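Source file: structure15.cif; contents: mmCIF, C-alpha atoms.
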data_final
loop_
_atom_site.label_atom_id
_atom_site.label_comp_id
_atom_site.auth_asym_id
_atom_site.auth_seq_id
_atom_site.Cartn_x
_atom_site.Cartn_y
_atom_site.Cartn_z
CA MET A 1 0.00 0.00 0.00
CA LEU A 2 2.94 2.28 0.68
CA ASP A 3 4.46 1.67 -2.74
CA ALA A 4 3.27 4.92 -4.24
CA PRO A 5 4.81 8.00 -2.60
CA MET A 6 2.60 9.14 0.23
CA THR A 7 1.17 12.63 0.08
CA ARG A 8 1.39 15.01 3.02
CA GLU A 9 -2.39 14.80 3.43
CA ALA A 10 -2.38 11.00 3.44
CA ALA A 11 0.34 10.92 6.08
CA LEU A 12 -1.50 13.51 8.15
CA PHE A 13 -4.71 11.47 7.95
CA GLU A 14 -2.85 8.34 9.12
CA GLY A 15 -1.13 10.28 11.90
CA LEU A 16 -4.44 11.68 13.13
CA LEU A 17 -6.04 8.21 13.10
CA ARG A 18 -3.16 6.92 15.20
CA LEU A 19 -3.77 9.63 17.77
CA GLY A 20 -7.56 9.56 17.68
CA ASP A 21 -7.89 5.78 17.63
CA SER A 22 -5.53 5.45 20.60
CA THR A 23 -7.49 7.98 22.66
CA LEU A 24 -10.78 6.42 21.54
CA ILE A 25 -9.87 2.85 22.46
CA LEU A 26 -8.19 3.81 25.73
CA GLY A 27 -11.14 6.07 26.56
CA HIS A 28 -13.52 3.19 25.91
CA ARG A 29 -11.42 0.78 27.98
CA VAL A 30 -11.21 3.18 30.91
CA SER A 31 -14.96 3.84 30.71
CA GLU A 32 -15.53 0.12 31.31
CA TRP A 33 -14.58 0.83 34.94
CA CYS A 34 -17.53 3.19 35.40
CA GLY A 35 -19.46 1.86 38.40
CA HIS A 36 -16.85 -0.84 39.12
CA ALA A 37 -13.81 0.98 40.51
CA PRO A 38 -12.45 0.05 43.96
CA ALA A 39 -13.51 3.39 45.51
CA LEU A 40 -15.97 6.12 44.58
CA GLU A 41 -13.21 8.70 44.09
CA GLU A 42 -11.36 6.37 41.74
CA ASP A 43 -14.55 5.62 39.85
CA ILE A 44 -15.08 9.33 39.26
CA ALA A 45 -11.44 9.89 38.36
CA LEU A 46 -11.49 7.07 35.81
CA ALA A 47 -14.74 8.32 34.29
CA ASN A 48 -13.27 11.83 34.03
CA THR A 49 -10.13 10.48 32.37
CA ALA A 50 -12.23 8.51 29.89
CA LEU A 51 -14.32 11.60 29.16
CA ASP A 52 -11.23 13.71 28.43
CA LEU A 53 -9.91 11.02 26.10
CA ILE A 54 -13.20 10.68 24.25
CA GLY A 55 -13.40 14.48 23.94
CA GLN A 56 -9.92 14.55 22.45
CA THR A 57 -10.96 11.74 20.12
CA GLN A 58 -13.76 13.90 18.73
CA LEU A 59 -11.20 16.57 17.89
CA TRP A 60 -8.56 14.20 16.45
CA LEU A 61 -11.00 12.16 14.37
CA GLY A 62 -12.97 15.28 13.43
CA LEU A 63 -9.81 16.76 11.93
CA ALA A 64 -8.91 13.42 10.33
CA ALA A 65 -12.31 13.36 8.60
CA GLU A 66 -11.86 16.96 7.48
CA ILE A 67 -8.39 16.21 6.05
CA GLU A 68 -9.71 13.10 4.32
CA GLY A 69 -12.38 15.20 2.65
CA LYS A 70 -14.73 12.35 1.79
CA GLY A 71 -17.65 13.59 3.80
CA ARG A 72 -17.08 11.26 6.74
CA THR A 73 -17.47 12.53 10.30
CA ALA A 74 -15.65 11.70 13.54
CA ASP A 75 -18.57 9.41 14.41
CA ASP A 76 -18.32 7.60 11.07
CA LEU A 77 -14.66 6.94 11.70
CA ALA A 78 -15.26 5.75 15.27
CA TYR A 79 -18.32 3.62 14.69
CA LEU A 80 -18.24 2.40 11.12
CA ARG A 81 -14.70 1.16 10.56
CA GLU A 82 -13.53 -2.43 10.89
CA ALA A 83 -10.81 -3.58 13.27
CA TRP A 84 -8.11 -3.63 10.58
CA GLU A 85 -8.82 0.02 9.79
CA PHE A 86 -8.01 1.08 13.35
CA ARG A 87 -4.58 2.57 13.99
CA ASN A 88 -4.44 2.57 17.80
CA LEU A 89 -1.51 1.32 19.84
CA LEU A 90 -1.75 -2.30 20.95
CA LEU A 91 -1.16 -1.13 24.52
CA VAL A 92 -4.49 0.68 24.80
CA GLU A 93 -6.62 -2.27 23.67
CA GLN A 94 -5.19 -4.58 26.36
CA PRO A 95 -7.86 -5.68 28.85
CA ASN A 96 -8.32 -3.69 32.04
CA GLY A 97 -7.23 -6.59 34.26
CA ASP A 98 -7.12 -5.55 37.90
CA PHE A 99 -6.87 -1.92 39.01
CA GLY A 100 -3.07 -2.22 38.90
CA VAL A 101 -3.03 -3.19 35.22
CA THR A 102 -5.39 -0.33 34.37
CA ILE A 103 -3.25 2.22 36.23
CA MET A 104 0.03 0.88 34.83
CA ARG A 105 -1.37 0.99 31.29
CA GLN A 106 -2.53 4.56 31.92
CA PHE A 107 0.85 5.63 33.24
CA LEU A 108 2.79 4.08 30.34
CA PHE A 109 0.43 5.84 27.92
CA ASP A 110 0.35 9.21 29.75
CA ALA A 111 4.15 9.29 30.04
CA TRP A 112 4.33 9.06 26.24
CA TYR A 113 1.22 11.03 25.24
CA GLY A 114 1.80 14.05 27.53
CA PRO A 115 5.27 14.96 26.18
CA LEU A 116 4.10 14.13 22.64
CA LEU A 117 1.27 16.67 22.97
CA THR A 118 3.70 19.32 24.16
CA ARG A 119 5.73 18.77 20.98
CA LEU A 120 2.60 18.64 18.78
CA ALA A 121 1.51 22.02 20.15
CA ASP A 122 4.34 23.45 17.99
CA SER A 123 3.27 21.51 14.89
CA ALA A 124 3.51 23.12 11.46
CA GLU A 125 -0.13 22.09 11.00
CA PRO A 126 -2.05 24.70 13.02
CA ARG A 127 -5.28 22.70 13.28
CA LEU A 128 -3.36 19.84 14.87
CA ALA A 129 -1.36 22.20 17.09
CA GLU A 130 -4.43 23.78 18.65
CA ILE A 131 -5.94 20.42 19.55
CA ALA A 132 -2.63 19.33 21.09
CA ALA A 133 -2.34 22.53 23.14
CA LYS A 134 -5.81 21.94 24.56
CA ALA A 135 -5.32 18.22 25.22
CA ALA A 136 -1.92 18.81 26.86
CA LYS A 137 -3.57 20.63 29.76
CA GLU A 138 -5.94 17.75 30.41
CA VAL A 139 -3.31 15.06 30.07
CA ALA A 140 -1.03 16.85 32.55
CA TYR A 141 -3.64 15.93 35.19
CA HIS A 142 -3.85 12.33 33.99
CA LEU A 143 -0.07 11.95 34.15
CA GLU A 144 0.15 13.49 37.61
CA ARG A 145 -2.48 11.08 38.89
CA SER A 146 -1.20 7.91 37.21
CA THR A 147 2.34 8.72 38.39
CA GLU A 148 1.19 9.13 42.01
CA LEU A 149 -0.79 5.91 41.88
CA VAL A 150 2.02 3.85 40.34
CA ILE A 151 4.39 5.09 43.06
CA GLY A 152 1.81 4.69 45.84
CA LEU A 153 0.83 1.17 44.84
CA GLY A 154 4.30 0.02 43.77
CA ASP A 155 5.83 1.24 47.00
CA GLY A 156 2.78 0.12 48.95
CA THR A 157 1.85 -3.18 50.56
CA GLU A 158 3.34 -6.51 49.57
CA GLU A 159 0.12 -7.28 47.70
CA SER A 160 -0.06 -3.99 45.79
CA HIS A 161 3.65 -4.14 44.97
CA ALA A 162 3.32 -7.65 43.54
CA ARG A 163 0.31 -6.64 41.46
CA MET A 164 2.03 -3.56 40.05
CA GLN A 165 5.14 -5.55 39.14
CA ALA A 166 2.95 -8.17 37.45
CA ALA A 167 1.13 -5.39 35.58
CA LEU A 168 4.39 -3.89 34.36
CA ASP A 169 5.73 -7.30 33.28
CA GLN A 170 2.49 -8.04 31.42
CA LEU A 171 2.23 -4.68 29.61
CA TRP A 172 5.90 -4.08 28.91
CA PRO A 173 5.99 -5.92 25.54
CA TYR A 174 3.22 -3.56 24.34
CA ALA A 175 4.91 -0.34 25.47
CA GLY A 176 7.74 -0.16 22.94
CA GLU A 177 5.38 0.33 20.00
CA MET A 178 4.84 3.93 21.11
CA CYS A 179 8.42 4.81 20.22
CA ALA A 180 8.63 2.91 16.92
CA SER A 181 8.87 4.85 13.64
CA ASP A 182 7.76 4.07 10.11
CA ALA A 183 7.28 5.84 6.76
CA VAL A 184 4.25 7.81 7.99
CA ASP A 185 6.22 9.13 10.95
CA ALA A 186 9.18 10.01 8.73
CA MET A 187 6.92 11.98 6.42
CA LEU A 188 5.23 13.82 9.30
CA ALA A 189 8.59 14.58 10.92
CA GLU A 190 10.00 15.89 7.66
CA ALA A 191 7.00 18.17 7.17
CA GLY A 192 7.38 19.49 10.74
CA ILE A 193 3.92 18.15 11.62
CA ALA A 194 4.91 15.68 14.34
CA PRO A 195 8.12 14.59 16.06
CA ASP A 196 9.70 11.26 15.16
CA PRO A 197 8.40 8.85 17.86
CA ALA A 198 11.90 7.44 18.31
CA ALA A 199 13.08 10.90 19.32
CA LEU A 200 10.69 10.82 22.28
CA ARG A 201 12.15 7.59 23.62
CA PRO A 202 15.07 8.91 25.74
CA ALA A 203 12.87 11.28 27.77
CA TRP A 204 10.16 8.61 28.08
CA GLU A 205 12.68 6.06 29.34
CA ALA A 206 14.18 8.56 31.78
CA ARG A 207 10.75 9.28 33.24
CA LEU A 208 9.95 5.58 33.50
CA ALA A 209 13.25 4.88 35.26
CA ASP A 210 12.56 7.68 37.74
CA VAL A 211 8.98 6.68 38.52
CA MET A 212 9.62 2.93 38.64
CA GLY A 213 12.59 3.57 40.92
CA LYS A 214 10.37 5.49 43.34
CA ALA A 215 7.75 2.74 43.02
CA ARG A 216 10.38 0.04 43.76
CA LEU A 217 9.37 -1.68 40.50
CA THR A 218 11.78 -3.36 38.09
CA ILE A 219 11.55 -2.51 34.39
CA PRO A 220 11.99 -5.72 32.35
CA GLN A 221 15.32 -5.95 30.52
CA SER A 222 13.85 -7.06 27.20
CA ARG A 223 13.25 -4.40 24.56
CA PHE A 224 11.08 -6.73 22.49
CA ALA A 225 7.99 -4.83 21.37
CA HIS A 226 4.87 -6.17 19.70
CA GLN A 227 4.09 -4.08 16.63
CA GLY A 228 1.12 -3.72 14.35
CA GLY A 229 -1.50 -1.60 16.05
CA ARG A 230 -0.44 1.51 14.16
CA THR A 231 -0.79 -0.27 10.83
CA GLY A 232 -4.00 -2.19 11.55
CA THR A 233 -2.82 -5.58 12.79
CA HIS A 234 -4.36 -5.87 16.22
CA THR A 235 -4.54 -8.27 19.13
CA GLU A 236 -7.72 -10.32 19.47
CA HIS A 237 -9.04 -7.83 22.03
CA LEU A 238 -9.90 -5.03 19.61
CA GLY A 239 -12.70 -6.93 17.88
CA TYR A 240 -14.49 -7.46 21.17
CA ILE A 241 -14.15 -3.78 22.04
CA LEU A 242 -15.61 -2.75 18.69
CA ALA A 243 -18.47 -5.22 19.03
CA THR A 244 -19.52 -3.43 22.21
CA MET A 245 -18.63 0.09 21.13
CA GLN A 246 -20.12 -0.01 17.64
CA TRP A 247 -23.23 -2.13 18.04
CA LEU A 248 -25.67 0.76 18.26
CA GLN A 249 -24.49 2.44 15.07
CA ARG A 250 -24.37 -0.94 13.35
CA ALA A 251 -27.89 -1.86 14.47
CA HIS A 252 -29.37 1.60 13.92
CA PRO A 253 -27.25 3.35 11.26
CA GLY A 254 -27.32 7.12 11.53
CA ALA A 255 -28.89 7.16 15.01
CA THR A 256 -28.18 10.40 16.87
CA TRP A 257 -29.05 11.78 20.30
CA MET B 1 -36.18 46.17 5.90
CA VAL B 2 -33.81 48.36 7.84
CA THR B 3 -33.52 47.68 11.53
CA THR B 4 -30.87 48.58 14.04
CA LEU B 5 -28.80 45.62 15.09
CA PRO B 6 -28.29 45.26 18.85
CA SER B 7 -24.92 46.49 20.05
CA THR B 8 -22.27 43.94 20.98
CA ALA B 9 -22.36 45.41 24.51
CA ASP B 10 -26.03 44.38 24.69
CA ILE B 11 -25.17 40.91 23.38
CA TRP B 12 -22.47 40.49 26.05
CA ALA B 13 -24.99 41.54 28.71
CA TRP B 14 -27.55 39.03 27.41
CA LEU B 15 -24.96 36.28 27.37
CA ASP B 16 -23.97 37.21 30.92
CA ALA B 17 -27.52 36.23 31.91
CA VAL B 18 -27.09 32.69 30.53
CA PRO B 19 -26.16 30.38 33.42
CA ASP B 20 -23.58 27.64 33.12
CA PRO B 21 -25.68 24.44 32.99
CA GLU B 22 -23.48 22.58 35.49
CA ILE B 23 -22.76 25.46 37.86
CA PRO B 24 -25.79 27.75 37.45
CA VAL B 25 -24.55 30.39 39.92
CA ILE B 26 -22.11 31.67 37.32
CA SER B 27 -22.79 32.77 33.77
CA ILE B 28 -21.12 31.51 30.64
CA VAL B 29 -19.43 34.93 30.39
CA ASP B 30 -18.10 34.53 33.95
CA LEU B 31 -16.73 31.15 32.90
CA GLY B 32 -14.66 32.85 30.19
CA ILE B 33 -15.81 30.64 27.35
CA ILE B 34 -17.27 33.40 25.17
CA ARG B 35 -14.24 34.46 23.14
CA GLY B 36 -15.81 36.85 20.69
CA VAL B 37 -19.03 38.61 19.76
CA ALA B 38 -19.21 40.42 16.43
CA TRP B 39 -21.58 41.27 13.63
CA GLU B 40 -20.57 40.06 10.20
CA GLY B 41 -23.07 41.87 8.04
CA ASP B 42 -26.43 41.03 9.61
CA THR B 43 -25.14 37.75 11.08
CA LEU B 44 -24.12 37.65 14.71
CA VAL B 45 -21.03 35.51 15.22
CA VAL B 46 -20.40 34.23 18.73
CA GLU B 47 -17.13 32.42 19.32
CA VAL B 48 -17.26 29.79 22.06
CA THR B 49 -14.36 27.77 23.43
CA PRO B 50 -14.87 24.47 25.27
CA THR B 51 -13.65 24.20 28.87
CA TYR B 52 -12.56 20.56 28.67
CA SER B 53 -12.58 18.88 25.27
CA GLY B 54 -14.95 16.18 26.49
CA CYS B 55 -17.20 18.37 28.61
CA PRO B 56 -20.76 17.14 27.96
CA ALA B 57 -22.13 20.58 28.85
CA THR B 58 -20.73 22.09 25.64
CA SER B 59 -23.67 21.19 23.43
CA VAL B 60 -26.15 22.31 26.09
CA ILE B 61 -24.31 25.63 26.36
CA ASN B 62 -24.57 26.17 22.61
CA MET B 63 -28.29 25.44 22.77
CA ASP B 64 -28.72 27.85 25.69
CA ILE B 65 -26.86 30.62 23.85
CA GLU B 66 -29.02 30.17 20.80
CA THR B 67 -32.24 30.11 22.84
CA ALA B 68 -31.27 33.26 24.76
CA LEU B 69 -30.26 35.27 21.71
CA ARG B 70 -33.26 34.18 19.64
CA ALA B 71 -35.51 35.30 22.49
CA LYS B 72 -33.91 38.74 22.20
CA GLY B 73 -34.75 38.85 18.52
CA VAL B 74 -31.41 37.87 16.98
CA GLU B 75 -32.35 36.23 13.71
CA ARG B 76 -29.08 35.36 12.03
CA LEU B 77 -26.74 33.66 14.41
CA GLU B 78 -23.61 31.61 13.94
CA LEU B 79 -21.83 29.83 16.79
CA ARG B 80 -18.18 29.18 16.06
CA ARG B 81 -16.03 26.81 18.05
CA ARG B 82 -12.65 28.28 18.87
CA LEU B 83 -9.95 26.01 20.28
CA SER B 84 -7.01 28.37 20.38
CA PRO B 85 -5.82 29.74 22.70
CA PRO B 86 -7.10 26.93 24.92
CA TRP B 87 -9.45 27.83 27.74
CA THR B 88 -7.80 28.67 31.03
CA THR B 89 -9.28 29.27 34.46
CA ASP B 90 -7.48 32.65 34.36
CA TRP B 91 -10.45 33.75 32.27
CA LEU B 92 -12.93 33.27 35.12
CA SER B 93 -14.35 36.67 36.02
CA ARG B 94 -13.87 38.18 39.48
CA LYS B 95 -17.65 38.10 39.93
CA GLY B 96 -17.66 34.46 38.88
CA ARG B 97 -14.93 33.54 41.37
CA ALA B 98 -16.82 35.22 44.23
CA ARG B 99 -20.05 33.47 43.28
CA LEU B 100 -18.34 30.09 43.06
CA GLU B 101 -17.02 30.47 46.58
CA ALA B 102 -20.35 31.61 47.95
CA TYR B 103 -21.90 28.53 46.31
CA GLY B 104 -19.41 26.24 48.08
CA ILE B 105 -16.89 25.71 45.29
CA ALA B 106 -13.37 26.94 46.02
CA PRO B 107 -12.16 29.06 43.09
CA PRO B 108 -8.95 28.05 41.22
CA GLN B 109 -5.59 29.21 42.53
CA PRO B 110 -2.26 29.27 40.69
CA ALA B 111 -0.78 27.33 43.62
CA GLY B 112 -2.85 24.33 42.48
CA GLY B 113 -5.09 24.00 45.52
CA PRO B 114 -7.82 25.95 47.31
CA GLN B 115 -6.88 29.02 49.33
CA ARG B 116 -9.49 28.35 52.01
CA CYS B 117 -12.47 26.17 52.81
CA PRO B 118 -15.54 27.66 51.09
CA HIS B 119 -17.69 26.53 54.07
CA CYS B 120 -15.80 27.71 57.16
CA GLY B 121 -13.04 29.85 55.64
CA ASP B 122 -10.26 27.93 57.33
CA SER B 123 -7.04 27.83 55.34
CA GLU B 124 -5.21 25.20 57.41
CA GLY B 125 -5.74 21.48 57.20
CA LEU B 126 -7.15 21.33 53.69
CA GLU B 127 -6.50 18.01 52.00
CA ARG B 128 -7.08 16.69 48.54
CA ILE B 129 -9.31 13.64 48.20
CA SER B 130 -9.06 13.31 44.42
CA GLN B 131 -7.84 15.35 41.45
CA PHE B 132 -11.14 14.61 39.77
CA GLY B 133 -14.64 15.54 40.85
CA SER B 134 -18.27 15.59 39.77
CA THR B 135 -17.47 17.48 36.56
CA PRO B 136 -14.24 17.60 34.52
CA CYS B 137 -13.44 21.08 35.86
CA LYS B 138 -13.50 20.19 39.55
CA ALA B 139 -11.43 18.28 42.11
CA GLN B 140 -12.53 16.94 45.49
CA TRP B 141 -11.07 18.38 48.67
CA ARG B 142 -11.82 18.15 52.38
CA CYS B 143 -11.48 20.58 55.29
CA ARG B 144 -10.26 19.05 58.52
CA SER B 145 -11.46 22.04 60.56
CA CYS B 146 -15.15 21.75 59.76
CA GLY B 147 -14.94 18.17 58.50
CA GLU B 148 -16.79 18.98 55.28
CA PRO B 149 -15.81 17.88 51.79
CA PHE B 150 -15.96 20.50 49.04
CA ASP B 151 -15.37 20.98 45.34
CA TYR B 152 -12.34 22.88 44.11
CA PHE B 153 -12.37 24.39 40.64
CA LYS B 154 -9.20 23.00 39.05
CA CYS B 155 -6.65 25.47 37.77
CA ILE B 156 -5.77 24.83 34.13
#
Show me the file's structure as structure tokens.
Amino acid sequence: MLDAPMTREAALFEGLLRLGDSTLILGHRVSEWCGHAPALEEDIALANTALDLIGQTQLWLGLAAEIEGKGRTADDLAYLREAWEFRNLLLVEQPNGDFGVTIMRQFLFDAWYGPLLTRLADSAEPRLAEIAAKAAKEVAYHLERSTELVIGLGDGTEESHARMQAALDQLWPYAGEMCASDAVDAMLAEAGIAPDPAALRPAWEARLADVMGKARLTIPQSRFAHQGGRTGTHTEHLGYILATMQWLQRAHPGATW
Amino acid sequence: MVTTLPSTADIWAWLDAVPDPEIPVISIVDLGIIRGVAWEGDTLVVEVTPTYSGCPATSVINMDIETALRAKGVERLELRRRLSPPWTTDWLSRKGRARLEAYGIAPPQPAGGPQRCPHCGDSEGLERISQFGSTPCKAQWRCRSCGEPFDYFKCI
């Protein structure tokens, strides 16, 4: 598919799907906690986080649809695409697991997404930059909270420590995809639209080392990283998410509030 | 037909009478989300910025603006979403901040936490329960002096 030279617009569309699909799928995953979290405050915090992510999704996918110029809307992209058309990170589609897995997944994502947004706020594409500047403020809160929780639970009781270490070990093979680069990224970097993901890696690793050190957690040695989410090859979990998330639009096409 | 269009000062005053749907003691002007009011020909253009990108009140606010201005006789109206510069709590009006506090919501502070308990006024022994509260814009705090929990309007 990438044989023909990619246009700037095509790369921008792909880049926006990668952002919007990641916030959409993580937002949906986090929303699954609504009414099930271990404490009322956490339930509210998770629902708020999900809401921010879904709000950002509307902006990312709204711009993607505008760039595509085929008359599709953010809702069309969210509700009417198949699993292989989704460009989200594999990390965000991983099941919620226990509270520790959910918080660890959130931290790994926030620690990448927050600094990325700061860089995107200076993008050469102004419509992307203004969304990033807005989202950065919201994600700063998410990162502060997930950092505190990872440290509190990692450096907590024997039970919480063991669960957080297990969560990190389980999710680690899905974390490296965030810092992988391909032709789309190269094109976006060259056009000054987005930073090369690999360039974000040193700061991301430094933050992880700092936080995991304070949390008394050990980062696995292996740098093996599952790949594919950003090009449409997903784990088996995405199909189940879409079945739940898309059923209403599939059953009642065009339904609106 | 030649009619005189209402002045933008009148429009601002009308909008200042539209309550925020989630926190009705302050107006949408107090909240700082009205970023521009201007006539373009005989069309009134009102620029609105969202507080949080996922705030569910946004669509209700747009509906309330339209209802209020139509009731005042504005016929041609266009609501424009403006994302940049992003909304900040620095745009809350002084009147809005005072009303928030009187309502029991501690107004935002650059320090990142409430200055005093909106119930008893004590500034010692305030503790954060959660960074997130009943709406995206609020956090939950507690006052150890009076023992009451309260909302704090997050500073962003």
Do you know which residues are at most 12 Å from Ala98 in chain B counting all atoms listed in the file, after dropping those on the same chain fewer than 4 positions away, and could you put them as a PyMOL selection string? chain B and resi 25-26+30+92-94+102-108+118
Using the chain letters and numbers from the file, which residues does the PyMOL selection byres ((chain A) within 8 of (chain B)) grab, as a list in words?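 Checking the PyMOL selection byres ((chain A) within 8 of (chain B)) against this file, the residues are Glu41, Glu42, Ile44, Ala45, Asn48, Leu51, Asp52, Leu53, Ile54, Gly55, Gln56, Leu59, Glu130, Ile131, Ala133, Lys134, Ala135, Lys137, Glu138, Tyr141 and Arg145 of chain A.
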Mind giving me the straight-line distance from CA of Leu15 in chain B to CA of Asn62 in chain B in Å, one decimal? 11.2 Å
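The coordinates place CA of Ala206 in chain A at 22.8 Å from CA of Leu19 in chain A.
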Any chance you could work out the residue set of the PyMOL selection byres ((chain B and resi 19) around 10) here, as a JSON list (two decimals) with C-alpha atoms, in the frame of the given file?
[["chain", "number", "residue", "atom", "x", "y", "z"],
["B", 15, "LEU", "CA", -24.96, 36.28, 27.37],
["B", 16, "ASP", "CA", -23.97, 37.21, 30.92],
["B", 17, "ALA", "CA", -27.52, 36.23, 31.91],
["B", 18, "VAL", "CA", -27.09, 32.69, 30.53],
["B", 20, "ASP", "CA", -23.58, 27.64, 33.12],
["B", 21, "PRO", "CA", -25.68, 24.44, 32.99],
["B", 22, "GLU", "CA", -23.48, 22.58, 35.49],
["B", 23, "ILE", "CA", -22.76, 25.46, 37.86],
["B", 24, "PRO", "CA", -25.79, 27.75, 37.45],
["B", 25, "VAL", "CA", -24.55, 30.39, 39.92],
["B", 26, "ILE", "CA", -22.11, 31.67, 37.32],
["B", 27, "SER", "CA", -22.79, 32.77, 33.77],
["B", 28, "ILE", "CA", -21.12, 31.51, 30.64],
["B", 29, "VAL", "CA", -19.43, 34.93, 30.39],
["B", 30, "ASP", "CA", -18.10, 34.53, 33.95],
["B", 31, "LEU", "CA", -16.73, 31.15, 32.90],
["B", 61, "ILE", "CA", -24.31, 25.63, 26.36],
["B", 64, "ASP", "CA", -28.72, 27.85, 25.69],
["B", 65, "ILE", "CA", -26.86, 30.62, 23.85]]
Please provide as a PDB file with C-alpha atoms, keeping the file's coordinate frame all residues within 10 Å of range 81-83 of chain A, with the sequence filter that same-chain residues fewer than 6 positions apart are discarded (counting all atoms listed in the file).
ATOM      1  CA  ASP A  75     -18.570   9.410  14.410  1.00  0.00           C
ATOM      2  CA  GLY A 229      -1.500  -1.600  16.050  1.00  0.00           C
ATOM      3  CA  GLY A 232      -4.000  -2.190  11.550  1.00  0.00           C
ATOM      4  CA  THR A 233      -2.820  -5.580  12.790  1.00  0.00           C
ATOM      5  CA  HIS A 234      -4.360  -5.870  16.220  1.00  0.00           C
ATOM      6  CA  THR A 235      -4.540  -8.270  19.130  1.00  0.00           C
ATOM      7  CA  GLU A 236      -7.720 -10.320  19.470  1.00  0.00           C
ATOM      8  CA  HIS A 237      -9.040  -7.830  22.030  1.00  0.00           C
ATOM      9  CA  LEU A 238      -9.900  -5.030  19.610  1.00  0.00           C
ATOM     10  CA  GLY A 239     -12.700  -6.930  17.880  1.00  0.00           C
ATOM     11  CA  TYR A 240     -14.490  -7.460  21.170  1.00  0.00           C
ATOM     12  CA  ILE A 241     -14.150  -3.780  22.040  1.00  0.00           C
ATOM     13  CA  LEU A 242     -15.610  -2.750  18.690  1.00  0.00           C
ATOM     14  CA  ALA A 243     -18.470  -5.220  19.030  1.00  0.00           C
ATOM     15  CA  GLN A 246     -20.120  -0.010  17.640  1.00  0.00           C
TER      16      GLN A 246
END
So which one's closest to Ser222 in chain A, A:Leu46, A:Ala251, A:Ala175, A:Ala180? Using all atoms listed in the file, please.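 Counting all atoms listed in the file, the residue closest to Ser222 in chain A is A:Ala175.
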Residue by residue, what does the PyMOL selection byres ((chain B and resi 146) around 12) grab here? Present the result as a PDB file with C-alpha atoms, keeping the file's coordinate frame.
ATOM      1  CA  ARG B 116      -9.490  28.350  52.010  1.00  0.00           C
ATOM      2  CA  CYS B 117     -12.470  26.170  52.810  1.00  0.00           C
ATOM      3  CA  PRO B 118     -15.540  27.660  51.090  1.00  0.00           C
ATOM      4  CA  HIS B 119     -17.690  26.530  54.070  1.00  0.00           C
ATOM      5  CA  CYS B 120     -15.800  27.710  57.160  1.00  0.00           C
ATOM      6  CA  GLY B 121     -13.040  29.850  55.640  1.00  0.00           C
ATOM      7  CA  ASP B 122     -10.260  27.930  57.330  1.00  0.00           C
ATOM      8  CA  SER B 123      -7.040  27.830  55.340  1.00  0.00           C
ATOM      9  CA  GLU B 124      -5.210  25.200  57.410  1.00  0.00           C
ATOM     10  CA  GLY B 125      -5.740  21.480  57.200  1.00  0.00           C
ATOM     11  CA  LEU B 126      -7.150  21.330  53.690  1.00  0.00           C
ATOM     12  CA  ARG B 142     -11.820  18.150  52.380  1.00  0.00           C
ATOM     13  CA  CYS B 143     -11.480  20.580  55.290  1.00  0.00           C
ATOM     14  CA  ARG B 144     -10.260  19.050  58.520  1.00  0.00           C
ATOM     15  CA  SER B 145     -11.460  22.040  60.560  1.00  0.00           C
ATOM     16  CA  GLY B 147     -14.940  18.170  58.500  1.00  0.00           C
ATOM     17  CA  GLU B 148     -16.790  18.980  55.280  1.00  0.00           C
ATOM     18  CA  PRO B 149     -15.810  17.880  51.790  1.00  0.00           C
ATOM     19  CA  PHE B 150     -15.960  20.500  49.040  1.00  0.00           C
TER      20      PHE B 150
END
Need the axis-aligned box for range 125-135 of chain B with 5 Å each side, so what are the centre and edges in Å to one decimal, as AutoDock Vina command-line options?
--center_x -12.0 --center_y 17.4 --center_z 46.9 --size_x 22.5 --size_y 18.2 --size_z 30.6
Do a neighbour search on Thr23 in chain A at 10 Å with all atoms listed in the file, toss out local chain neighbours closer than 5 positions, and write the hits as JSON, numbers by chain. {"A": [17, 18, 28, 29, 50, 52, 53, 54, 55, 56, 57, 58, 60, 61, 88, 89, 92, 109, 113]}
Written selection (C-alpha atoms) as a CSV table (one decimal), in the coordinates of the input:
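Now in again_18.csv:
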chain,number,residue,atom,x,y,z
A,17,LEU,CA,-6.0,8.2,13.1
A,18,ARG,CA,-3.2,6.9,15.2
A,28,HIS,CA,-13.5,3.2,25.9
A,29,ARG,CA,-11.4,0.8,28.0
A,50,ALA,CA,-12.2,8.5,29.9
A,52,ASP,CA,-11.2,13.7,28.4
A,53,LEU,CA,-9.9,11.0,26.1
A,54,ILE,CA,-13.2,10.7,24.2
A,55,GLY,CA,-13.4,14.5,23.9
A,56,GLN,CA,-9.9,14.6,22.4
A,57,THR,CA,-11.0,11.7,20.1
A,58,GLN,CA,-13.8,13.9,18.7
A,60,TRP,CA,-8.6,14.2,16.4
A,61,LEU,CA,-11.0,12.2,14.4
A,88,ASN,CA,-4.4,2.6,17.8
A,89,LEU,CA,-1.5,1.3,19.8
A,92,VAL,CA,-4.5,0.7,24.8
A,109,PHE,CA,0.4,5.8,27.9
A,113,TYR,CA,1.2,11.0,25.2
As a check of understanding: the span from CA of Cys179 in chain A to CA of Phe224 in chain A is 12.1 Å
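Considering all atoms listed in the file, the residue among B:Leu44, B:Ala38, B:Gly32, B:Pro114 positioned nearest to Lys95 in chain B is B:Gly32.
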Polymer residues at most 10 Å from Thr8 in chain B, all atoms listed in the file, same-chain spacing of 5 or more positions, as a PyMOL selection string: chain B and resi 13-14+36-39+44
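By all atoms listed in the file, and with residues fewer than 4 positions from Asp210 in chain A along its chain excluded, the set lying at most 12 Å from it is Ala111, Thr147, Val150, Ile151, Ala203, Trp204, Glu205, Ala206, Lys214, Ala215, Arg216, Leu217, Thr218 and Ile219 of chain A.
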